[in-house]
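Participant: See coords27.pdb below, with PDB, C-alpha atoms and all ligand atoms.
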ATOM      1  CA  MET A  20      21.590  16.977  22.137
ATOM      2  CA  THR A  21      19.177  14.235  23.272
ATOM      3  CA  SER A  22      20.720  10.843  23.863
ATOM      4  CA  ASN A  23      19.325   7.723  22.209
ATOM      5  CA  LYS A  24      20.659   5.581  25.036
ATOM      6  CA  ILE A  25      17.827   3.481  26.457
ATOM      7  CA  ARG A  26      16.985   4.485  30.012
ATOM      8  CA  LYS A  27      17.466   1.872  32.747
ATOM      9  CA  VAL A  28      14.356   1.269  34.871
ATOM     10  CA  GLU A  29      14.594  -0.987  37.916
ATOM     11  CA  GLU A  30      11.985  -3.696  38.426
ATOM     12  CA  GLN A  31      10.799  -2.253  41.741
ATOM     13  CA  THR A  32      10.136   1.103  40.022
ATOM     14  CA  ILE A  33       7.979  -0.602  37.407
ATOM     15  CA  THR A  34       5.986  -2.380  40.104
ATOM     16  CA  ARG A  35       5.547   0.659  42.358
ATOM     17  CA  GLN A  36       4.488   3.036  39.611
ATOM     18  CA  ILE A  37       1.959   0.642  38.122
ATOM     19  CA  ILE A  38       0.362  -0.160  41.463
ATOM     20  CA  ARG A  39       0.380   3.460  42.689
ATOM     21  CA  LYS A  40      -1.151   4.912  39.544
ATOM     22  CA  THR A  41      -3.692   2.101  39.121
ATOM     23  CA  ALA A  42      -4.751   2.532  42.756
ATOM     24  CA  ASP A  43      -5.246   6.280  42.151
ATOM     25  CA  ASP A  44      -7.508   5.449  39.200
ATOM     26  CA  TRP A  45      -9.495   2.834  41.101
ATOM     27  CA  ILE A  46     -10.060   5.134  44.102
ATOM     28  CA  ASP A  47     -11.433   7.699  41.681
ATOM     29  CA  LEU A  48     -13.601   5.095  39.927
ATOM     30  CA  ALA A  49     -15.327   3.921  43.119
ATOM     31  CA  GLU A  50     -18.074   6.446  42.361
ATOM     32  CA  VAL A  51     -18.952   7.583  38.846
ATOM     33  CA  ASP A  52     -21.895   9.016  36.957
ATOM     34  CA  VAL A  53     -22.238   6.130  34.507
ATOM     35  CA  VAL A  54     -20.986   2.536  34.379
ATOM     36  CA  ILE A  55     -21.131   1.053  30.893
ATOM     37  CA  VAL A  56     -20.851  -2.703  30.737
ATOM     38  CA  GLY A  57     -19.141  -3.885  27.563
ATOM     39  CA  ALA A  58     -16.775  -2.179  25.113
ATOM     40  CA  GLY A  59     -18.579  -3.255  21.950
ATOM     41  CA  PRO A  60     -19.990  -0.801  19.390
ATOM     42  CA  SER A  61     -22.932   0.369  21.507
ATOM     43  CA  GLY A  62     -20.870   0.693  24.692
ATOM     44  CA  LEU A  63     -18.007   2.633  23.122
ATOM     45  CA  THR A  64     -20.400   4.955  21.275
ATOM     46  CA  ALA A  65     -22.399   5.629  24.448
ATOM     47  CA  ALA A  66     -19.157   6.276  26.349
ATOM     48  CA  LYS A  67     -18.011   8.879  23.831
ATOM     49  CA  TYR A  68     -21.198  10.945  23.915
ATOM     50  CA  LEU A  69     -21.670  10.646  27.680
ATOM     51  CA  ALA A  70     -18.095  11.706  28.395
ATOM     52  CA  GLU A  71     -18.328  14.542  25.886
ATOM     53  CA  SER A  72     -21.217  15.956  27.835
ATOM     54  CA  GLY A  73     -19.027  16.146  30.920
ATOM     55  CA  LEU A  74     -20.162  13.010  32.781
ATOM     56  CA  LYS A  75     -17.727  10.719  34.587
ATOM     57  CA  VAL A  76     -17.896   7.454  32.675
ATOM     58  CA  VAL A  77     -16.233   4.077  33.093
ATOM     59  CA  VAL A  78     -16.540   1.165  30.677
ATOM     60  CA  PHE A  79     -15.820  -2.283  32.078
ATOM     61  CA  GLU A  80     -14.925  -4.893  29.483
ATOM     62  CA  ARG A  81     -14.509  -8.565  30.284
ATOM     63  CA  LYS A  82     -11.985  -9.241  27.520
ATOM     64  CA  LEU A  83      -8.525  -7.741  27.066
ATOM     65  CA  SER A  84      -9.612  -6.047  23.841
ATOM     66  CA  PHE A  85     -12.135  -3.555  22.505
ATOM     67  CA  GLY A  86     -14.836  -3.883  19.917
ATOM     68  CA  GLY A  87     -17.113  -6.768  20.972
ATOM     69  CA  GLY A  88     -18.681  -8.271  17.875
ATOM     70  CA  ILE A  89     -17.155  -5.825  15.391
ATOM     71  CA  GLY A  90     -13.945  -7.824  15.012
ATOM     72  CA  GLY A  91     -15.796 -10.879  13.741
ATOM     73  CA  GLY A  92     -17.130  -8.874  10.779
ATOM     74  CA  GLY A  93     -19.590 -10.885   8.689
ATOM     75  CA  MET A  94     -18.680 -14.536   9.181
ATOM     76  CA  LEU A  95     -15.072 -13.378   9.704
ATOM     77  CA  PHE A  96     -14.982 -11.298   6.492
ATOM     78  CA  HIS A  97     -13.432  -8.090   7.795
ATOM     79  CA  LYS A  98     -16.058  -5.574   6.648
ATOM     80  CA  ILE A  99     -19.397  -4.535   8.101
ATOM     81  CA  LEU A 100     -22.204  -2.365   6.825
ATOM     82  CA  ILE A 101     -23.417   0.877   8.355
ATOM     83  CA  GLN A 102     -26.594   2.550   7.128
ATOM     84  CA  ALA A 103     -27.840   6.131   7.225
ATOM     85  CA  PRO A 104     -28.023   8.118   9.387
ATOM     86  CA  ALA A 105     -25.223   6.390  11.365
ATOM     87  CA  GLU A 106     -22.560   7.605   8.919
ATOM     88  CA  LYS A 107     -22.770  10.881  10.841
ATOM     89  CA  ILE A 108     -21.280   9.051  13.829
ATOM     90  CA  LEU A 109     -18.557   7.592  11.585
ATOM     91  CA  LYS A 110     -17.702  11.151  10.560
ATOM     92  CA  GLU A 111     -17.635  12.292  14.181
ATOM     93  CA  ILE A 112     -15.153   9.564  15.146
ATOM     94  CA  GLY A 113     -13.101  10.027  11.965
ATOM     95  CA  CYS A 114     -13.743   6.523  10.587
ATOM     96  CA  LYS A 115     -13.339   6.133   6.829
ATOM     97  CA  PHE A 116     -16.236   4.544   4.947
ATOM     98  CA  GLU A 117     -17.216   3.792   1.393
ATOM     99  CA  SER A 118     -20.676   4.251  -0.030
ATOM    100  CA  VAL A 119     -21.969   1.038  -1.655
ATOM    101  CA  LYS A 120     -25.590   2.070  -2.277
ATOM    102  CA  LYS A 121     -27.655   5.127  -1.435
ATOM    103  CA  GLY A 122     -27.493   5.456   2.376
ATOM    104  CA  VAL A 123     -25.475   2.234   2.763
ATOM    105  CA  TYR A 124     -21.807   2.302   3.707
ATOM    106  CA  ILE A 125     -19.055  -0.225   4.359
ATOM    107  CA  VAL A 126     -16.191   0.008   6.843
ATOM    108  CA  ASP A 127     -13.158  -2.034   7.840
ATOM    109  CA  THR A 128     -13.719  -3.751  11.184
ATOM    110  CA  THR A 129     -10.284  -2.896  12.588
ATOM    111  CA  GLU A 130     -10.619   0.791  11.787
ATOM    112  CA  LEU A 131     -14.075   0.997  13.343
ATOM    113  CA  ILE A 132     -12.853  -0.680  16.546
ATOM    114  CA  ALA A 133      -9.867   1.647  16.784
ATOM    115  CA  ARG A 134     -11.825   4.839  16.030
ATOM    116  CA  LEU A 135     -14.643   4.017  18.453
ATOM    117  CA  ALA A 136     -12.134   3.315  21.209
ATOM    118  CA  VAL A 137     -10.176   6.511  20.553
ATOM    119  CA  GLY A 138     -13.455   8.447  20.388
ATOM    120  CA  ALA A 139     -14.474   7.234  23.849
ATOM    121  CA  ILE A 140     -11.048   7.706  25.409
ATOM    122  CA  ASP A 141     -10.436  11.127  23.875
ATOM    123  CA  ALA A 142     -13.809  12.277  25.159
ATOM    124  CA  GLY A 143     -12.625  11.376  28.674
ATOM    125  CA  ALA A 144     -14.223   7.965  29.320
ATOM    126  CA  LYS A 145     -12.112   5.437  31.211
ATOM    127  CA  VAL A 146     -12.083   1.995  29.609
ATOM    128  CA  VAL A 147     -10.930  -0.812  31.891
ATOM    129  CA  LEU A 148     -10.201  -4.200  30.328
ATOM    130  CA  GLY A 149     -10.240  -7.603  32.013
ATOM    131  CA  VAL A 150     -13.044  -6.704  34.439
ATOM    132  CA  VAL A 151     -16.429  -8.364  34.450
ATOM    133  CA  VAL A 152     -19.606  -6.874  35.894
ATOM    134  CA  ASP A 153     -21.240  -9.822  37.591
ATOM    135  CA  ASP A 154     -23.933  -8.189  39.712
ATOM    136  CA  LEU A 155     -25.586  -4.877  40.579
ATOM    137  CA  ILE A 156     -25.967  -2.683  43.648
ATOM    138  CA  TYR A 157     -29.619  -1.845  44.368
ATOM    139  CA  ARG A 158     -31.741   0.071  46.841
ATOM    140  CA  ASN A 159     -35.352  -0.417  47.819
ATOM    141  CA  PRO A 160     -38.081   1.015  48.037
ATOM    142  CA  PRO A 161     -38.685   2.118  45.381
ATOM    143  CA  PRO A 162     -36.387  -0.398  43.689
ATOM    144  CA  LYS A 163     -33.538   1.128  41.745
ATOM    145  CA  VAL A 164     -30.094   0.200  40.492
ATOM    146  CA  THR A 165     -27.338   2.256  42.105
ATOM    147  CA  GLY A 166     -24.136   0.692  40.825
ATOM    148  CA  ALA A 167     -22.249  -2.310  39.516
ATOM    149  CA  VAL A 168     -20.435  -5.193  41.187
ATOM    150  CA  ILE A 169     -17.107  -5.991  39.568
ATOM    151  CA  GLN A 170     -14.585  -8.785  39.511
ATOM    152  CA  TRP A 171     -11.402  -9.581  37.577
ATOM    153  CA  THR A 172     -12.248 -11.768  34.588
ATOM    154  CA  ALA A 173      -9.291 -13.945  35.563
ATOM    155  CA  VAL A 174     -10.855 -14.618  38.963
ATOM    156  CA  THR A 175     -14.209 -15.602  37.454
ATOM    157  CA  MET A 176     -12.378 -17.929  35.052
ATOM    158  CA  SER A 177     -10.391 -19.523  37.875
ATOM    159  CA  GLY A 178     -13.502 -20.488  39.813
ATOM    160  CA  LEU A 179     -11.903 -19.183  43.043
ATOM    161  CA  HIS A 180     -14.253 -17.812  45.681
ATOM    162  CA  VAL A 181     -13.156 -14.158  45.847
ATOM    163  CA  ASP A 182     -15.570 -11.467  47.006
ATOM    164  CA  PRO A 183     -15.963  -8.681  44.429
ATOM    165  CA  LEU A 184     -15.779  -4.890  44.743
ATOM    166  CA  ALA A 185     -18.494  -2.447  43.706
ATOM    167  CA  VAL A 186     -18.766   0.915  41.959
ATOM    168  CA  LYS A 187     -21.512   3.392  42.780
ATOM    169  CA  ALA A 188     -23.183   4.980  39.732
ATOM    170  CA  LYS A 189     -26.199   7.096  38.905
ATOM    171  CA  ALA A 190     -26.767   4.988  35.792
ATOM    172  CA  VAL A 191     -25.633   1.546  34.628
ATOM    173  CA  VAL A 192     -25.900   0.690  30.919
ATOM    174  CA  ASP A 193     -26.115  -2.903  29.740
ATOM    175  CA  CYS A 194     -24.118  -2.988  26.492
ATOM    176  CA  THR A 195     -23.213  -6.662  26.863
ATOM    177  CA  GLY A 196     -24.699  -7.785  23.548
ATOM    178  CA  HIS A 197     -26.889 -10.765  22.708
ATOM    179  CA  ASP A 198     -27.078 -12.230  26.224
ATOM    180  CA  ALA A 199     -28.055  -8.974  27.983
ATOM    181  CA  GLU A 200     -26.084 -10.280  30.943
ATOM    182  CA  ILE A 201     -26.785  -7.397  33.279
ATOM    183  CA  LEU A 202     -30.507  -7.303  32.602
ATOM    184  CA  ALA A 203     -30.627 -11.090  33.022
ATOM    185  CA  THR A 204     -28.878 -10.767  36.378
ATOM    186  CA  ALA A 205     -31.273  -8.014  37.459
ATOM    187  CA  SER A 206     -34.254 -10.105  36.419
ATOM    188  CA  ARG A 207     -33.014 -13.084  38.445
ATOM    189  CA  LYS A 208     -31.666 -11.339  41.543
ATOM    190  CA  ILE A 209     -33.877  -8.241  41.945
ATOM    191  CA  PRO A 210     -37.369  -9.567  41.132
ATOM    192  CA  GLU A 211     -39.040  -6.365  42.364
ATOM    193  CA  LEU A 212     -37.612  -4.600  39.300
ATOM    194  CA  ASN A 213     -39.986  -6.708  37.175
ATOM    195  CA  ILE A 214     -37.577  -7.257  34.308
ATOM    196  CA  SER A 215     -37.740 -10.275  32.056
ATOM    197  CA  VAL A 216     -35.258 -11.179  29.359
ATOM    198  CA  PRO A 217     -36.931 -13.480  26.849
ATOM    199  CA  GLY A 218     -34.052 -13.222  24.345
ATOM    200  CA  GLU A 219     -33.846 -12.045  20.752
ATOM    201  CA  LYS A 220     -35.775 -13.417  17.777
ATOM    202  CA  SER A 221     -34.370 -14.790  14.525
ATOM    203  CA  MET A 222     -32.898 -12.575  11.815
ATOM    204  CA  TRP A 223     -34.780  -9.693  10.147
ATOM    205  CA  ALA A 224     -32.086  -7.114   9.620
ATOM    206  CA  SER A 225     -34.011  -3.936   8.840
ATOM    207  CA  LYS A 226     -36.723  -4.519  11.462
ATOM    208  CA  ALA A 227     -34.059  -5.366  14.040
ATOM    209  CA  GLU A 228     -32.155  -2.165  13.399
ATOM    210  CA  GLU A 229     -35.274  -0.039  13.641
ATOM    211  CA  LEU A 230     -36.529  -1.696  16.856
ATOM    212  CA  THR A 231     -33.139  -1.704  18.565
ATOM    213  CA  VAL A 232     -32.888   2.053  18.303
ATOM    214  CA  LYS A 233     -36.569   2.650  19.047
ATOM    215  CA  ASN A 234     -36.495   0.500  22.217
ATOM    216  CA  THR A 235     -33.190   1.794  23.578
ATOM    217  CA  SER A 236     -34.288   3.078  26.970
ATOM    218  CA  GLU A 237     -34.143   3.046  30.754
ATOM    219  CA  ILE A 238     -35.445  -0.463  31.516
ATOM    220  CA  CYS A 239     -35.924   0.194  35.230
ATOM    221  CA  PRO A 240     -34.740   3.044  37.457
ATOM    222  CA  GLY A 241     -30.978   3.377  37.071
ATOM    223  CA  LEU A 242     -30.536   0.566  34.519
ATOM    224  CA  TYR A 243     -30.446   1.223  30.771
ATOM    225  CA  ALA A 244     -29.993  -1.008  27.738
ATOM    226  CA  ALA A 245     -28.274  -0.291  24.438
ATOM    227  CA  GLY A 246     -27.208  -2.416  21.471
ATOM    228  CA  MET A 247     -28.211  -6.070  21.204
ATOM    229  CA  ALA A 248     -29.165  -6.181  24.877
ATOM    230  CA  VAL A 249     -32.221  -4.171  23.797
ATOM    231  CA  ALA A 250     -33.248  -6.942  21.380
ATOM    232  CA  ALA A 251     -32.887  -9.531  24.160
ATOM    233  CA  VAL A 252     -35.172  -7.675  26.556
ATOM    234  CA  TYR A 253     -37.741  -6.599  23.934
ATOM    235  CA  GLN A 254     -37.591  -9.919  22.071
ATOM    236  CA  SER A 255     -36.945  -8.220  18.755
ATOM    237  CA  PRO A 256     -35.016  -9.781  15.839
ATOM    238  CA  ARG A 257     -31.258  -9.994  15.307
ATOM    239  CA  MET A 258     -29.612  -8.268  12.362
ATOM    240  CA  GLY A 259     -26.212  -9.807  11.621
ATOM    241  CA  PRO A 260     -23.296  -7.674  10.448
ATOM    242  CA  ILE A 261     -25.012  -4.341   9.869
ATOM    243  CA  PHE A 262     -24.067  -2.016  12.710
ATOM    244  CA  GLY A 263     -25.761   1.353  12.208
ATOM    245  CA  GLY A 264     -28.330   0.452  14.871
ATOM    246  CA  MET A 265     -25.583  -0.315  17.410
ATOM    247  CA  LEU A 266     -23.988   3.109  16.980
ATOM    248  CA  LEU A 267     -27.327   4.929  16.969
ATOM    249  CA  SER A 268     -28.472   3.006  20.039
ATOM    250  CA  GLY A 269     -25.272   3.958  21.905
ATOM    251  CA  LYS A 270     -25.761   7.592  20.970
ATOM    252  CA  LYS A 271     -29.439   7.497  21.938
ATOM    253  CA  VAL A 272     -28.802   6.005  25.382
ATOM    254  CA  ALA A 273     -26.195   8.689  26.029
ATOM    255  CA  GLY A 274     -28.756  11.377  25.193
ATOM    256  CA  LEU A 275     -31.365   9.818  27.506
ATOM    257  CA  ILE A 276     -28.926   9.678  30.412
ATOM    258  CA  VAL A 277     -27.639  13.204  29.865
ATOM    259  CA  LYS A 278     -31.226  14.447  29.986
ATOM    260  CA  LYS A 279     -32.095  12.475  33.116
ATOM    261  CA  LEU A 280     -28.968  12.629  35.289
ATOM    262  CA  PRO A 281     -29.177  16.161  36.638
ATOM    263  CA  PHE A 282     -32.418  15.055  38.327
ATOM    264  CA  VAL A 283     -31.020  11.830  39.817
ATOM    265  CA  ARG A 284     -29.828  11.743  43.413
TER     266      ARG A 284
HETATM  267  O1  LIG X   1     -21.507  -8.137  21.679
HETATM  268  P1  LIG X   1     -21.148  -6.695  21.544
HETATM  269  O2  LIG X   1     -20.498  -6.247  20.308
HETATM  270  O3  LIG X   1     -22.478  -5.858  21.896
HETATM  271  P2  LIG X   1     -23.248  -4.680  21.136
HETATM  272  O4  LIG X   1     -22.597  -3.382  21.390
HETATM  273  O5  LIG X   1     -23.076  -5.007  19.592
HETATM  274  C1  LIG X   1     -23.591  -6.181  19.034
HETATM  275  C2  LIG X   1     -22.860  -6.451  17.733
HETATM  276  O6  LIG X   1     -21.486  -6.636  17.972
HETATM  277  C3  LIG X   1     -23.351  -7.671  16.951
HETATM  278  C4  LIG X   1     -24.659  -7.485  16.308
HETATM  279  C5  LIG X   1     -24.959  -6.189  15.623
HETATM  280  O7  LIG X   1     -25.104  -6.412  14.305
HETATM  281  O8  LIG X   1     -25.459  -8.374  16.293
HETATM  282  O9  LIG X   1     -23.347  -8.795  17.793
HETATM  283  O10 LIG X   1     -24.660  -4.848  21.518
HETATM  284  O11 LIG X   1     -20.190  -6.278  22.749
HETATM  285  C6  LIG X   1     -20.492  -6.633  24.059
HETATM  286  C7  LIG X   1     -19.208  -6.539  24.888
HETATM  287  O12 LIG X   1     -19.541  -6.692  26.245
HETATM  288  C8  LIG X   1     -18.585  -7.541  26.880
HETATM  289  C9  LIG X   1     -18.195  -8.535  25.801
HETATM  290  O13 LIG X   1     -16.931  -9.108  26.053
HETATM  291  C10 LIG X   1     -18.201  -7.638  24.561
HETATM  292  O14 LIG X   1     -16.937  -7.058  24.310
HETATM  293  N1  LIG X   1     -19.272  -8.129  28.033
HETATM  294  C11 LIG X   1     -20.323  -9.009  27.994
HETATM  295  N2  LIG X   1     -20.732  -9.277  29.241
HETATM  296  C12 LIG X   1     -19.935  -8.551  30.089
HETATM  297  C13 LIG X   1     -18.990  -7.823  29.310
HETATM  298  C14 LIG X   1     -19.875  -8.396  31.511
HETATM  299  N3  LIG X   1     -20.724  -9.039  32.316
HETATM  300  N4  LIG X   1     -18.911  -7.589  32.033
HETATM  301  C15 LIG X   1     -18.038  -6.944  31.212
HETATM  302  N5  LIG X   1     -18.053  -7.048  29.857
END
Output the file's structure in the form of structure tokens.
Ligand code: 48F
Facilitator:
Amino acid sequence: MTSNKIRKVEEQTITRQIIRKTADDWIDLAEVDVVIVGAGPSGLTAAKYLAESGLKVVVFERKLSFGGGIGGGGMLFHKILIQAPAEKILKEIGCKFESVKKGVYIVDTTELIARLAVGAIDAGAKVVLGVVVDDLIYRNPPPKVTGAVIQWTAVTMSGLHVDPLAVKAKAVVDCTGHDAEILATASRKIPELNISVPGEKSMWASKAEELTVKNTSEICPGLYAAGMAVAAVYQSPRMGPIFGGMLLSGKKVAGLIVKKLPFVR
């Protein structure tokens, strides 16, 4: 018979196990195939499809939660729209949706966040919260991005001068949303990459969705953009709380990387 008595665990055991197992993970994560920056809709979708194809993927997320802009819904109303053909991705992650018009679907924000996260994790991606990517590793010539520089979010918030660590990767994907933080950093600190980030335009939902997916690409060798970061670099419009383009962009970037990576050294 199994006992229901709660097991005693000493404090030093808790400390040792957490540090030992986290250190094992971090040693493994020092070199990966793909670093995804941001656990919003595009980042989590990309992570799922990349990991499913057998690549070693880590997602670094600044906050202590998943989902990026999904949780805010439309002006805090807890539903968002998804349009065809992105409902296929909803089916693949097991997210319930309701059809509201032909090819237009509505989902609960909390369910979409949860399903996207489970989809990425079940596929084998590692999602690490509370870590900010604040710079890139690069090599030259020819100029290319070869990894990401990372720091605890808590350290960046404290303003303390603490040198960061870095993760080597064959591809880095900027999924940081409207500010395209990684592309902006690359544009400022690696001018030979010739990137500029003019920022997104005002709202035009259907055009924005179309252009976001169309322009999802490798922006310079080793550095890709998906989600709203694409709009920032291509100066295309914003779309508000319709998210099909975010999911399709994440899936597209995964496909591009899977095609390219076997040829990257
Ligand atoms: O903003 P976010 O949801 O980006 P997305 O995947 O989706 C955009 C939509 O949410 C919405 C929209 C579509 O209709 O307009 O805005 O393009 O998620 C970006 C995530 O990246 C994290 C941030 O906390 C958020 O969870 N993030 C941003 N910069 C960094 C970062 C960074 N430097 N390091 C780590 N995480």
Participant: Taking only C-alpha atoms and all ligand atoms and a cut-off of 8 Å, can you tell me which residues surround ligand LIG 1 (chain X), written as a PyMOL selection string?
Facilitator: chain A and resi 56-63+79-82+84-89+149-153+169+194-201+245-249+257-262+264-266+269
Participant: Rounded to one decimal place, report the atom CA of A:Thr204-atom CA of A:Val54 distance in Å.
Facilitator: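 According to the coordinates, atom CA of A:Thr204 and atom CA of A:Val54 are separated by 15.6 Å.
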Participant: Please write as a list in words the list of polymer residues whose atoms come within 7 Å of (-10.8, -6.9, 14.7), counting all atoms listed in the file and keeping to the coordinates of the file.
Facilitator: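 All residues meeting the 7 Å criterion around (-10.8, -6.9, 14.7) are Ile89, Gly90, Gly91, Thr128, Thr129 and Ile132 of chain A.
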Participant: Under the rule that all atoms listed in the file are counted, which of A:Val168, A:Val51, A:Cys239, A:Ala103 is the nearest residue to A:Asn213?
Facilitator: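 Looking at the shortest contact to A:Asn213, the residue is A:Cys239.
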Participant: So which one's closest to A:Val272, A:Ala65, A:Ile37, A:Ala49, A:Met222? Using all atoms listed in the file, please.
Facilitator: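 Looking only at the distances to A:Val272, the closest residue turns out to be A:Ala65.
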Participant: Quick one: apply the PyMOL selection byres (((chain A and resi 274) around 12) and not hetatm) to the file and drop the selected residues here as a list in words.
Facilitator: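 Residues picked by the PyMOL selection byres (((chain A and resi 274) around 12) and not hetatm): Thr64, Ala65, Ala66, Lys67, Tyr68, Leu69, Ala70, Glu71, Ser72, Leu74, Thr235, Ser236, Glu237, Tyr243, Ala245, Leu267, Ser268, Gly269, Lys270, Lys271, Val272, Ala273, Leu275, Ile276, Val277, Lys278, Lys279 and Leu280 of chain A.
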Participant: Output C-alpha atoms for every residue in the selection just made, as an mmCIF file, keeping the file's coordinate frame.
Facilitator:
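Done, and the output landed in part_4.cif:
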data_model
loop_
_atom_site.group_PDB
_atom_site.id
_atom_site.type_symbol
_atom_site.label_atom_id
_atom_site.label_comp_id
_atom_site.auth_asym_id
_atom_site.auth_seq_id
_atom_site.Cartn_x
_atom_site.Cartn_y
_atom_site.Cartn_z
ATOM 1 C CA THR A 64 -20.400 4.955 21.275
ATOM 2 C CA ALA A 65 -22.399 5.629 24.448
ATOM 3 C CA ALA A 66 -19.157 6.276 26.349
ATOM 4 C CA LYS A 67 -18.011 8.879 23.831
ATOM 5 C CA TYR A 68 -21.198 10.945 23.915
ATOM 6 C CA LEU A 69 -21.670 10.646 27.680
ATOM 7 C CA ALA A 70 -18.095 11.706 28.395
ATOM 8 C CA GLU A 71 -18.328 14.542 25.886
ATOM 9 C CA SER A 72 -21.217 15.956 27.835
ATOM 10 C CA LEU A 74 -20.162 13.010 32.781
ATOM 11 C CA THR A 235 -33.190 1.794 23.578
ATOM 12 C CA SER A 236 -34.288 3.078 26.970
ATOM 13 C CA GLU A 237 -34.143 3.046 30.754
ATOM 14 C CA TYR A 243 -30.446 1.223 30.771
ATOM 15 C CA ALA A 245 -28.274 -0.291 24.438
ATOM 16 C CA LEU A 267 -27.327 4.929 16.969
ATOM 17 C CA SER A 268 -28.472 3.006 20.039
ATOM 18 C CA GLY A 269 -25.272 3.958 21.905
ATOM 19 C CA LYS A 270 -25.761 7.592 20.970
ATOM 20 C CA LYS A 271 -29.439 7.497 21.938
ATOM 21 C CA VAL A 272 -28.802 6.005 25.382
ATOM 22 C CA ALA A 273 -26.195 8.689 26.029
ATOM 23 C CA LEU A 275 -31.365 9.818 27.506
ATOM 24 C CA ILE A 276 -28.926 9.678 30.412
ATOM 25 C CA VAL A 277 -27.639 13.204 29.865
ATOM 26 C CA LYS A 278 -31.226 14.447 29.986
ATOM 27 C CA LYS A 279 -32.095 12.475 33.116
ATOM 28 C CA LEU A 280 -28.968 12.629 35.289
#
Participant: Which neighbours of A:Val137 fall inside 10 Å, counting all atoms listed in the file, when residues of the same chain fewer than 4 positions from it are skipped, and could you give them as a ChimeraX atom specification?
Facilitator: /A:63,67,112-113,131-133,141-144
Participant: Can you spit out the residues from that selection as an mmCIF file, in the coordinates of the input, using C-alpha atoms?
Facilitator:
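result_35.cif was written with the following content:
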data_model
loop_
_atom_site.group_PDB
_atom_site.id
_atom_site.type_symbol
_atom_site.label_atom_id
_atom_site.label_comp_id
_atom_site.auth_asym_id
_atom_site.auth_seq_id
_atom_site.Cartn_x
_atom_site.Cartn_y
_atom_site.Cartn_z
ATOM 1 C CA LEU A 63 -18.007 2.633 23.122
ATOM 2 C CA LYS A 67 -18.011 8.879 23.831
ATOM 3 C CA ILE A 112 -15.153 9.564 15.146
ATOM 4 C CA GLY A 113 -13.101 10.027 11.965
ATOM 5 C CA LEU A 131 -14.075 0.997 13.343
ATOM 6 C CA ILE A 132 -12.853 -0.680 16.546
ATOM 7 C CA ALA A 133 -9.867 1.647 16.784
ATOM 8 C CA ASP A 141 -10.436 11.127 23.875
ATOM 9 C CA ALA A 142 -13.809 12.277 25.159
ATOM 10 C CA GLY A 143 -12.625 11.376 28.674
ATOM 11 C CA ALA A 144 -14.223 7.965 29.320
#
Participant: Mind pulling up the distance from atom CA of A:Leu155 to atom CA of A:Ala167?
Facilitator: 4.3 Å
